[in-house]
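Novice: If you scroll down you'll find the structure; I have some questions about it.
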Protein chains: 2
Amino acid sequence: MALVGASGDAAKNTARPQRYLRKHGYKGKIFPVNPSRKEIFSEPCFPTLGDIPEPVDHALIMVQDVEAVLEDCAKRGVPVASIYSDGFADAGPQGAERQARLAERARKLGVRLLGPNSMGVVDIPGRLALTVNAVLEMETVPVGSASLVSQSGTMLGTLLSRGAARGLGFAKLVSVGNEADLGVGELVELLADDADTRVILLFLETVRDAARLASAARRAHAAGKPVVAYKLGRSAAGEALARSHTGALAGSDRALDAYFRDCGIVRVDMLETLLEIPPLLVDRKPAGTQKPRVAVVTTTGGGAATVVDRLGLLGIETVSPDGKPIVDLTMAATPQKYQQVLEQLLDWSGCDAVLAAVGSSAQFHPEFAVEPILKAKATAKPLAAFFTPHAERSLVLLAARGIAGFRTPEACADAFNAYFSWRAPRPIQKIQPVKPSADAFQLLASLGIPVVEQQIARAPHFKHSIPYPVAVKVMGVEHKTEVGGVALNVDEKNFPVLKGETLLVQRMVKGLAEAIVGYRNDPIVGPLVLVGAGGTLAELYQDVVLALAPVSEDEAMAMIERVKGLSVLRGYRNLPRGDVKALAKAVAALSRLSSVPAIAEAEINPLIVSADGVLAVDALVVAKE
Amino acid sequence: MALVGASGDAAKNTARPQRYLRKHGYKGKIFPVNPSRKEIFSEPCFPTLGDIPEPVDHALIMVQDVEAVLEDCAKRGVPVASIYSDGFADAGPQGAERQARLAERARKLGVRLLGPNSMGVVDIPGRLALTVNAVLEMETVPVGSASLVSQSGTMLGTLLSRGAARGLGFAKLVSVGNEADLGVGELVELLADDADTRVILLFLETVRDAARLASAARRAHAAGKPVVAYKLGRSAAGEALARSHTGALAGSDRALDAYFRDCGIVRVDMLETLLEIPPLLVDRKPAGTQKPRVAVVTTTGGGAATVVDRLGLLGIETVSPDGKPIVDLTMAATPQKYQQVLEQLLDWSGCDAVLAAVGSSAQFHPEFAVEPILKAKATAKPLAAFFTPHAERSLVLLAARGIAGFRTPEACADAFNAYFSWRAPRPIQKIQPVKPSADAFQLLASLGIPVVEQQIARAPHFKHSIPYPVAVKVMGVEHKTEVGGVALNVDEKNFPVLKGETLLVQRMVKGLAEAIVGYRNDPIVGPLVLVGAGGTLAELYQDVVLALAPVSEDEAMAMIERVKGLSVLRGYRNLPRGDVKALAKAVAALSRLSSVPAIAEAEINPLIVSADGVLAVDALVVAKE
C-alpha cells in the first residue's frame, strides 16, 4: 500500500490513512511516499513511488501532481490508484477536461482509478482502512454484512459512525468521488460477487452511468443481494420541472424514481433508513405486495400509535387477528406470552410483516420486551422493532441478531414502505423497431395509436370534409392554447374563425377523460414513458407515473392504476368507465420509441379516452439535437 | 403526597411513585396507603387516606375503587387527585359513563382530577416525580425550560428519555390521561403562567376542548411562550375523508391543521422534532416569513446536501451572499473564520435563519466546528446545527447553550418548516350575524354571494324566462350528476329533457374556473371555512385550504393563494385572470355562517369564477341534527 503525499503531522488529513491502516490492524506493508521525510510514524518513507523496493498493490494519491504519480504507478505495475486529490470535475469545466485526460491516460496505461476526490476505501473484514475520513478515529469498527458505495465521502463516515453507535456494522465502504474510472455500477457488480456483502447501500448525488448500474443491480438481484439507494437532488428537480413542457412532467427525480423501481433498487426517503433497513432486506426477495398489511404488537399504545399513524400515511394498513389496528399486550404480557404472540403473527397469513413497538422496557427491562423479539422463531416474514425511548443497548442486541430495529417512527414506516415498494428488476421487453417520422401524427399512426379524424385546410378557401362542429388549430404555432391559436366547437357559419395560412381541422370529440402520454429519452436514465391525467389541473398536481421504456401493455395498465386522476376512468363515483385497455395499448405503443435514438421527446396531449377507444388530438415530437 | 394503592413489591408499577419520589429528591412527606401493609420502603403505611394524620396536598390513586378514594379526598380536604387507575373512558361506553359520574362527583366535592388513566406528573425543578413511568429509573433527570402535556403516558417517558441522552431537559411533564377534569387547555394555561416553563410541548391523540386550548394558546402567546404540537391520527383522517362529501374535503386532520395554525400553535410532523425544536422557538415570536431563506454553512458538502435537499422539498430556499446554495468552508476554515462567517450570516439581511451542518469534526474535534457555533454572538435570527455523525456530546454542548441541534436532516428541515409556518394567533373577527335559511340559494343571497340567474319550472308546462341555452336540474335529488339528474347546454327544442315534477332552470354560465367554497361546524375544532379548486380532479387531489371561521376578505385571499389548482385564476401559463377578489369575498361571506349554530354544513360547488365576479351554481345546506 503506497501512500503518496503522506504527512508526518498527525493533525493533517494526509497523515490519516497511515495512522488508520495501522490502528485498525492492516497486516500488509505500508509505504509512505514523501520526498521531504525519511521516516513517518516509524515506517521508512520513500521520495517517490519509483523508489519503493517491493511490489505495490494499491496507491493512494494525495498530492497535487496526480498525473506524474499515475505515470509512476504504470511504470511500477501498480494496478489500482485511489485519488484523494481534488481539482478535477469537482472544479468546473477546466477540471473536467483535466479529469478526462487523466482517465484516458490511465486507460492506456492499464491503471484503474478510484476518484479523483475520493475519501478512499474501507474493508472492515479485511482490516483495510485506506481513508482520510476522520471516522476511523473510532477505536473499533464493527463488522457487518452491508456494504456502502457513496458519492459523498462524508457519508461514508456518517453511516459508519452512526452504525457503530448501535451495533450496525459494515463489510466494505467505498467513496467513489468523481468516478473518472471505477463507478457506482462497477462497484455494485464487484459487491454482488463479494462474499462479505449481503446487502448493498448506495448514497447517490447523481447517476453517472445508468445502464451500468442497471445491469449491476440485476446481477446483485440474481445473487440475492438487495440494493438500496438514498438519493439527493429531489428538490432541485422542482426547478428542472418548470423548464420545459415534457420536462415539467418527467423531471429528473421522478425519472430516477422510475429507474430505481424498474431496476429492482429499493429507494429510501430518509437518511437513517439507509442505515436501518438492511436487516429487513437481507436474504429476502421483493414480495411485490400490493396492499401491504403490518401486524403491530405493543406494550405501549401511545408509542405504537406514532408508527401506526405514519404507516397509514404511506398507505400501509395495520392489522391484527381480532380486527383491531394493533395487538396490545400492555400489562398482560409475560415474556413467554410476548414471544408466543410474535410467533403466531409471523405464521399468520393475514399480515405481510410484524412490528414490535416497545416502550420504556426497551431501555430498562430488555428481558420483558426485547428478548422475546430476539428469541422469536424467524420465518420468511420480516420482523422489526421500534423502540420509543433512548435504548441503544437494545438496538445493539437486535443488530447482533440481524433483526431490524428503528429509532424513529418515521424511519420505521419509511423502511416498511420501501420494502413493500420493492420490485424485482423488470424483464427487458423485446419490441418491434419503429419507423421514425418527423410528423407527430404520422408517427402515432405508424405506432398504431388512433388519431382523431382531421384534415389540413389551406387559404384562401380552407376546404375540408370533416363534419361540423370542428376544432380549428393554426399550424406551426407552439403553445397554441395560450396564444389563441385554437378554436373549439366551431360550426359551419363561423368557420374558419382563426387567422392563418394553414389550419388543422379536427372532428370535435368528447370523451370521458383526457390523458397525457409522453415519451422521453432522459439524459440520465434513458428512455422513459409517462402517463398522466390530462388538462391544466393534472399538470399543476404533477399527477403522472413514469417507467423505463419500453413497457408491455400489462405494465402500462399497472402504471395507469397508479395515476390518481385517471381513477375517473375506473368508475370513480359511478362515472362511466373508460377504455383503459386502449389507453394502456397507446402507452405501450409510444414506449416503443425507445428503439428510435433520433427522438428525444414525444407527447400526446390530450389523448381523449372514451368508453370504446382512445384518440390522439394533439401530439408533438422533438428530435434529438 | 398520598399514594393510594402503593405496593411494597419494587417490581410492581404501583411501587414506582414512592421509589421515584425519593430517588429524585422529593423533600416533602410521602404517605403510602395500603390496608395490608404497616410500612413500605421504610415509610409508615396507612390503611386508608382518612388515617393519614397530616394534611395531604395531592393524592395519587392507583386502586380500583377510585370513587371511594375520591370521597376520602373530599373528607380530608385534598385539593387534587391524580388517577392512574383505568377502566373509564378508555374502556368503552360503560367506562365513559362511570367517568362522567366520577367527574360530576369531583366537581361537587371540589376535588380537581388528573386522569383517570394518567401516568402522573413530573416537576423536575420541583423534584417531584409523581409517576409510574419507568423512565424515572434514570439516575438524574436534566432540568430544562420545555414543559410537556401529553395524552400518552408512554410519550412522557419517551421524550424524557430521549432528551436526557443528549442534554435536553424539561421543566414539567404531565400525563393527562382521559382528561375527565383537568385537560390540555387548562394545563397550557397553567404552564403559560409557570416561571419554569419557556416553551410548551403537546403530544396529542385528539383535541377534547378546542375552545379552551385555543384560548390557552393565545394566553401562552401573550406570555411569550411558544406552543408546539405533535398530533396523531393523521392517516385515520383519510378514512373519515371518504365518508361524506364535505367531509371528503374538510377531514378532521386538515381541520386540526387549520386550527393549530390559526391558534398560533406550531405543528411538527416528526416525533423527534417535538424534542429538538424548542431552542429554535424560545424567546421568539412568529416571524410570518412568506418565502423563507436559510443560509447553510458547512465543512461537509455531502452532509449539508441532505438537509438542503429536504428543506427544498418543503419549499425553503437555501441562500448565501455569493448566490450559491451553501456556504462551503471545507478545508479552508479555522475556528475563528467559522465563527466570523456565522456571525456575518446572522447579521445578513438576505436570510431568515442560519444552519451549520457539521461533519465528522462534530464527533472527534468539536473545537473546530462546534465551538464556533457556541461562541457565535446570538441575534434574534435563529441559529441551529445539524451533525452528520453520531455526536451526542456535541449535541449536549448545544443543548447547554440553548442552541437547536438536530440529529437527522429530516427533523432539521421539519423544524425549520414548522418555525417558518408559525403564525401569531389570528385576531378574532367581529361579524354581522347572519339570517339563517334552510334554502341554500336564499342563504347565499342573504350573505351577499351572487347566484346564477335561475327559476323553478313545474310540470306540466315548465314555464320559465331564462334565456337558452340553460342547465336543467331535477329538484329534490342528491348527487344529481351521478344519477343523471342534470342536463347542461339544453336548448329550446330539447327542453325540458329531464323527467321530474319540479325542475331548476339556470342560465348556462362558463367562467375561467370552478371553485368549491364550503363551511362546516366541525365537531372537534368548531366552525371552519374551506376553499378549493372545483371539479372531480381537484376533489381527487384534495386541493383545498381550510381556516377557522370566520375569516376576513384578506385572510380569504391568503387562503386562495395556497390553493394550487386556483393558480389558473392568477395568470398561470398566461391564462386569463379571474376575479379572485370576488372569490375571496364569497369565502369571507360564507364563513359568517359561524354565527348560525343551527347550520352544520354549507357548500357552494361549483362557484363559477369569471373575469368579473363569481356565481354560485349549486349549493347545499345541512342543518345540525
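Residues are named by chain letter and number: chains run A, B, ... in the order of the C-alpha cells, numbers start at 1 in each chain, and ligands are numbered from 1 in the order shown.
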Quick one: which chain A residues come within 7 Å of chain B, and what is the nearest atom pair for each with the distance in Å to one decimal, counting only C-alpha atoms, rows ordered by chain and ascending number, as CSV?
Specialist:
residue,atom,partner,partner_atom,distance
A:Ala134,CA,B:Ser360,CA,6.1
A:Val135,CA,B:Ser360,CA,6.3
A:Ser152,CA,B:Gly302,CA,5.2
A:Thr154,CA,B:Gly302,CA,6.0
A:Met155,CA,B:Gly303,CA,6.7
A:Gly157,CA,B:Ser360,CA,6.9
A:Thr158,CA,B:Pro389,CA,4.4
A:Ser161,CA,B:Pro389,CA,5.6
A:Arg162,CA,B:His390,CA,4.8
A:Ala165,CA,B:His390,CA,6.9
A:Leu232,CA,B:Asp309,CA,6.4
A:Gly233,CA,B:Asp309,CA,6.0
A:Arg234,CA,B:Asp309,CA,6.4
A:Ser235,CA,B:Leu313,CA,4.9
A:Met270,CA,B:Glu410,CA,6.9
A:Thr300,CA,B:Thr154,CA,6.5
A:Gly302,CA,B:Ser152,CA,5.2
A:Gly303,CA,B:Thr154,CA,6.3
A:Thr306,CA,B:Leu232,CA,6.5
A:Asp309,CA,B:Ser235,CA,5.6
A:Gly312,CA,B:Ser235,CA,5.0
A:Leu313,CA,B:Ser235,CA,4.9
A:Gly359,CA,B:Thr154,CA,6.7
A:Ser360,CA,B:Ala134,CA,6.1
A:Thr388,CA,B:Thr158,CA,5.6
A:Pro389,CA,B:Thr158,CA,4.4
A:His390,CA,B:Arg162,CA,4.8
A:Glu410,CA,B:Met270,CA,6.9
A:Glu482,CA,B:Asn574,CA,6.2
A:Leu537,CA,B:Gly565,CA,5.8
A:Leu540,CA,B:Gly565,CA,6.6
A:Lys564,CA,B:Leu540,CA,6.9
A:Gly565,CA,B:Leu537,CA,5.8
A:Asn574,CA,B:Glu482,CA,6.3
A:Leu575,CA,B:Glu482,CA,6.7
Novice: Residues at most 6 Å from Val4 in chain B, counting only C-alpha atoms, excluding those fewer than 2 positions away in the same chain, as a ChimeraX atom specification?
Specialist: /B:6,33,60-62
Novice: Tell me which protein, DNA and RNA residues are within 10 Å of Val63 in chain B, counting only C-alpha atoms, leaving out same-chain ones fewer than 5 positions away, and put them as a PDB file with all heavy atoms, in the first residue's frame.
Specialist:
ATOM      1  N   LEU B   3     -50.106   8.162  48.399  1.00  0.00           N
ATOM      2  CA  LEU B   3     -50.029   7.211  47.287  1.00  0.00           C
ATOM      3  C   LEU B   3     -50.973   6.056  47.592  1.00  0.00           C
ATOM      4  O   LEU B   3     -50.607   5.112  48.303  1.00  0.00           O
ATOM      5  CB  LEU B   3     -48.591   6.711  47.135  1.00  0.00           C
ATOM      6  CG  LEU B   3     -47.532   7.823  47.028  1.00  0.00           C
ATOM      7  CD1 LEU B   3     -46.120   7.231  47.032  1.00  0.00           C
ATOM      8  CD2 LEU B   3     -47.758   8.662  45.782  1.00  0.00           C
ATOM      9  N   VAL B   4     -52.192   6.150  47.094  1.00  0.00           N
ATOM     10  CA  VAL B   4     -53.230   5.193  47.457  1.00  0.00           C
ATOM     11  C   VAL B   4     -53.115   3.958  46.576  1.00  0.00           C
ATOM     12  O   VAL B   4     -53.292   4.042  45.356  1.00  0.00           O
ATOM     13  CB  VAL B   4     -54.636   5.832  47.341  1.00  0.00           C
ATOM     14  CG1 VAL B   4     -55.694   4.865  47.850  1.00  0.00           C
ATOM     15  CG2 VAL B   4     -54.693   7.153  48.086  1.00  0.00           C
ATOM     16  N   GLY B   5     -52.801   2.827  47.219  1.00  0.00           N
ATOM     17  CA  GLY B   5     -52.580   1.589  46.466  1.00  0.00           C
ATOM     18  C   GLY B   5     -51.101   1.332  46.245  1.00  0.00           C
ATOM     19  O   GLY B   5     -50.731   0.539  45.384  1.00  0.00           O
ATOM     20  N   ALA B   6     -50.258   2.001  47.030  1.00  0.00           N
ATOM     21  CA  ALA B   6     -48.809   1.819  46.894  1.00  0.00           C
ATOM     22  C   ALA B   6     -48.449   0.371  47.202  1.00  0.00           C
ATOM     23  O   ALA B   6     -49.048  -0.255  48.078  1.00  0.00           O
ATOM     24  CB  ALA B   6     -48.076   2.756  47.851  1.00  0.00           C
ATOM     25  N   THR B  14     -47.052  -0.037  40.763  1.00  0.00           N
ATOM     26  CA  THR B  14     -47.617   0.771  41.845  1.00  0.00           C
ATOM     27  C   THR B  14     -46.605   1.052  42.959  1.00  0.00           C
ATOM     28  O   THR B  14     -46.886   1.823  43.874  1.00  0.00           O
ATOM     29  CB  THR B  14     -48.867   0.079  42.423  1.00  0.00           C
ATOM     30  OG1 THR B  14     -48.568  -1.321  42.608  1.00  0.00           O
ATOM     31  CG2 THR B  14     -50.035   0.206  41.467  1.00  0.00           C
ATOM     32  N   ASN B  34     -52.163   1.589  52.027  1.00  0.00           N
ATOM     33  CA  ASN B  34     -52.365   0.199  51.631  1.00  0.00           C
ATOM     34  C   ASN B  34     -52.769  -0.568  52.880  1.00  0.00           C
ATOM     35  O   ASN B  34     -51.988  -0.672  53.822  1.00  0.00           O
ATOM     36  CB  ASN B  34     -51.049  -0.352  51.045  1.00  0.00           C
ATOM     37  CG  ASN B  34     -51.219  -1.751  50.497  1.00  0.00           C
ATOM     38  OD1 ASN B  34     -52.112  -2.493  50.936  1.00  0.00           O
ATOM     39  ND2 ASN B  34     -50.372  -2.124  49.546  1.00  0.00           N
ATOM     40  N   ALA B  68     -64.415   5.555  45.944  1.00  0.00           N
ATOM     41  CA  ALA B  68     -64.326   5.611  47.404  1.00  0.00           C
ATOM     42  C   ALA B  68     -63.187   6.529  47.835  1.00  0.00           C
ATOM     43  O   ALA B  68     -63.334   7.317  48.778  1.00  0.00           O
ATOM     44  CB  ALA B  68     -64.104   4.198  47.962  1.00  0.00           C
ATOM     45  N   VAL B  69     -62.070   6.452  47.106  1.00  0.00           N
ATOM     46  CA  VAL B  69     -60.924   7.292  47.486  1.00  0.00           C
ATOM     47  C   VAL B  69     -61.252   8.762  47.264  1.00  0.00           C
ATOM     48  O   VAL B  69     -60.844   9.641  48.026  1.00  0.00           O
ATOM     49  CB  VAL B  69     -59.654   6.883  46.705  1.00  0.00           C
ATOM     50  CG1 VAL B  69     -58.459   7.724  47.157  1.00  0.00           C
ATOM     51  CG2 VAL B  69     -59.354   5.406  46.893  1.00  0.00           C
ATOM     52  N   ILE B  83     -55.245  10.205  38.985  1.00  0.00           N
ATOM     53  CA  ILE B  83     -55.780   8.840  38.938  1.00  0.00           C
ATOM     54  C   ILE B  83     -55.038   8.019  37.896  1.00  0.00           C
ATOM     55  O   ILE B  83     -55.132   8.280  36.694  1.00  0.00           O
ATOM     56  CB  ILE B  83     -57.292   8.861  38.618  1.00  0.00           C
ATOM     57  CG1 ILE B  83     -58.008   9.774  39.605  1.00  0.00           C
ATOM     58  CG2 ILE B  83     -57.857   7.442  38.654  1.00  0.00           C
ATOM     59  CD1 ILE B  83     -59.425  10.117  39.192  1.00  0.00           C
ATOM     60  N   TYR B  84     -54.278   7.048  38.368  1.00  0.00           N
ATOM     61  CA  TYR B  84     -53.572   6.129  37.485  1.00  0.00           C
ATOM     62  C   TYR B  84     -54.516   5.017  37.014  1.00  0.00           C
ATOM     63  O   TYR B  84     -54.403   4.520  35.889  1.00  0.00           O
ATOM     64  CB  TYR B  84     -52.383   5.533  38.242  1.00  0.00           C
ATOM     65  CG  TYR B  84     -51.668   4.403  37.533  1.00  0.00           C
ATOM     66  CD1 TYR B  84     -51.153   4.579  36.253  1.00  0.00           C
ATOM     67  CD2 TYR B  84     -51.510   3.161  38.157  1.00  0.00           C
ATOM     68  CE1 TYR B  84     -50.496   3.535  35.618  1.00  0.00           C
ATOM     69  CE2 TYR B  84     -50.847   2.120  37.519  1.00  0.00           C
ATOM     70  CZ  TYR B  84     -50.344   2.310  36.244  1.00  0.00           C
ATOM     71  OH  TYR B  84     -49.695   1.286  35.616  1.00  0.00           O
ATOM     72  N   SER B  85     -55.472   4.664  37.835  1.00  0.00           N
ATOM     73  CA  SER B  85     -56.397   3.568  37.523  1.00  0.00           C
ATOM     74  C   SER B  85     -57.067   3.791  36.176  1.00  0.00           C
ATOM     75  O   SER B  85     -57.395   4.912  35.810  1.00  0.00           O
ATOM     76  CB  SER B  85     -57.483   3.490  38.602  1.00  0.00           C
ATOM     77  OG  SER B  85     -56.915   3.697  39.876  1.00  0.00           O
ATOM     78  N   ASP B  86     -57.307   2.691  35.465  1.00  0.00           N
ATOM     79  CA  ASP B  86     -58.040   2.813  34.214  1.00  0.00           C
ATOM     80  C   ASP B  86     -59.401   2.153  34.356  1.00  0.00           C
ATOM     81  O   ASP B  86     -59.867   1.893  35.450  1.00  0.00           O
ATOM     82  CB  ASP B  86     -57.228   2.266  33.035  1.00  0.00           C
ATOM     83  CG  ASP B  86     -56.807   0.820  33.250  1.00  0.00           C
ATOM     84  OD1 ASP B  86     -57.267   0.182  34.234  1.00  0.00           O
ATOM     85  OD2 ASP B  86     -56.020   0.307  32.433  1.00  0.00           O
TER      86      ASP B  86
END
Novice: Using only C-alpha atoms, find the one residue out of B:Leu395, B:Ala295, B:Ser145, B:His58 that sits nearest to Pro79 in chain B.
Specialist: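 Closest to Pro79 in chain B of all the choices is B:His58.
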Novice: DSSP on the backbone, then: every residue of range 274-381 of chain B marked strand (DSSP E), written as a count of residues only.
Specialist: 17
Novice: Can you work out the spacing between CA of Phe495 in chain A and CA of Phe462 in chain A in Å, to one decimal?
Specialist: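 Between CA of Phe495 in chain A and CA of Phe462 in chain A the gap works out to 8.8 Å.
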Novice: Hey, what's within 7 Å of Ile608 in chain A if we count only C-alpha atoms and toss same-chain stuff fewer than 4 positions away? As a PyMOL selection string, please?
Specialist: chain A and resi 511+513-515+614-617
Novice: Between CA of Asp181 in chain B and CA of Leu49 in chain B, what distance in Å does the model show, to one decimal?
Specialist: 21.3 Å
Novice: CA of Phe416 in chain B and CA of Glu371 in chain B are how many Å apart?
Specialist: 22.2 Å
Novice: Would you list the contacts of Ala404 in chain B as a PyMOL selection string, taking every protein, DNA or RNA residue within 9 Å and counting only C-alpha atoms, but skipping same-chain residues closer than 3 positions in sequence?
Specialist: chain B and resi 276-280+382-386+395+398-399+401
Novice: Please provide as a PyMOL selection string all residues within 9 Å of Ala81 in chain A, with the sequence filter that same-chain residues fewer than 4 positions apart are discarded (counting only C-alpha atoms).
Specialist: chain A and resi 57-61+70+73+111-115
Novice: Run DSSP on the backbone of this structure and report the residues of range 256-315 of chain B it assigns to alpha helix (DSSP H), as an NGL selection string.
Specialist: :B and (256-263 or 271-276 or 278-281 or 301-313)
Novice: Keeping C-alpha atoms, export the residues of the selection given above as a compact mmCIF listing (two decimals), in the first residue's frame.
Specialist:
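Okay, this is what ended up in out_32.txt:
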# COMPACT_ATOMS: atom_id res chain seq x y z
CA LEU B 256 -56.86 20.35 13.11
CA ASP B 257 -54.07 21.64 10.95
CA ALA B 258 -56.07 24.81 10.26
CA TYR B 259 -56.94 25.02 13.94
CA PHE B 260 -53.31 24.80 15.10
CA ARG B 261 -52.24 27.36 12.57
CA ASP B 262 -54.98 29.83 13.44
CA CYS B 263 -54.39 29.39 17.19
CA LEU B 271 -41.76 12.93 16.69
CA GLU B 272 -38.11 13.85 17.18
CA THR B 273 -38.81 17.41 16.04
CA LEU B 274 -41.01 17.88 19.10
CA LEU B 275 -37.93 17.24 21.23
CA GLU B 276 -35.48 19.16 19.09
CA PRO B 278 -37.69 24.18 21.47
CA PRO B 279 -34.40 26.14 21.27
CA LEU B 280 -35.46 27.40 17.84
CA LEU B 281 -38.61 28.89 19.36
CA GLY B 301 -20.81 19.41 1.23
CA GLY B 302 -22.36 15.95 1.16
CA GLY B 303 -23.71 16.23 4.68
CA ALA B 304 -25.19 19.67 4.09
CA ALA B 305 -26.82 18.46 0.88
CA THR B 306 -29.06 16.05 2.79
CA VAL B 307 -30.64 18.90 4.70
CA VAL B 308 -30.57 21.39 1.80
CA ASP B 309 -32.45 18.84 -0.29
CA ARG B 310 -35.03 18.27 2.42
CA LEU B 311 -35.51 21.99 3.01
CA GLY B 312 -36.06 22.37 -0.73
CA LEU B 313 -38.74 19.68 -0.69
Novice: Near Ala584 in chain A, within 12 Å and counting only C-alpha atoms, which residues show up once chain neighbours fewer than 4 positions away are dropped, as JSON, numbers by chain?
Specialist: {"A": [449, 515, 516, 517, 529, 530, 531, 532, 551, 552, 553, 554, 555, 556, 557, 558, 559, 560, 561, 566, 578, 579, 580, 588, 589, 590, 591, 607, 609, 613, 614]}
Novice: When you count only C-alpha atoms, which of these residues is closest to Thr334 in chain A: A:Ala549, A:Ala369, A:Val470, A:Ala353?
Specialist: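 Selected residue with least distance to Thr334 in chain A: A:Ala369.
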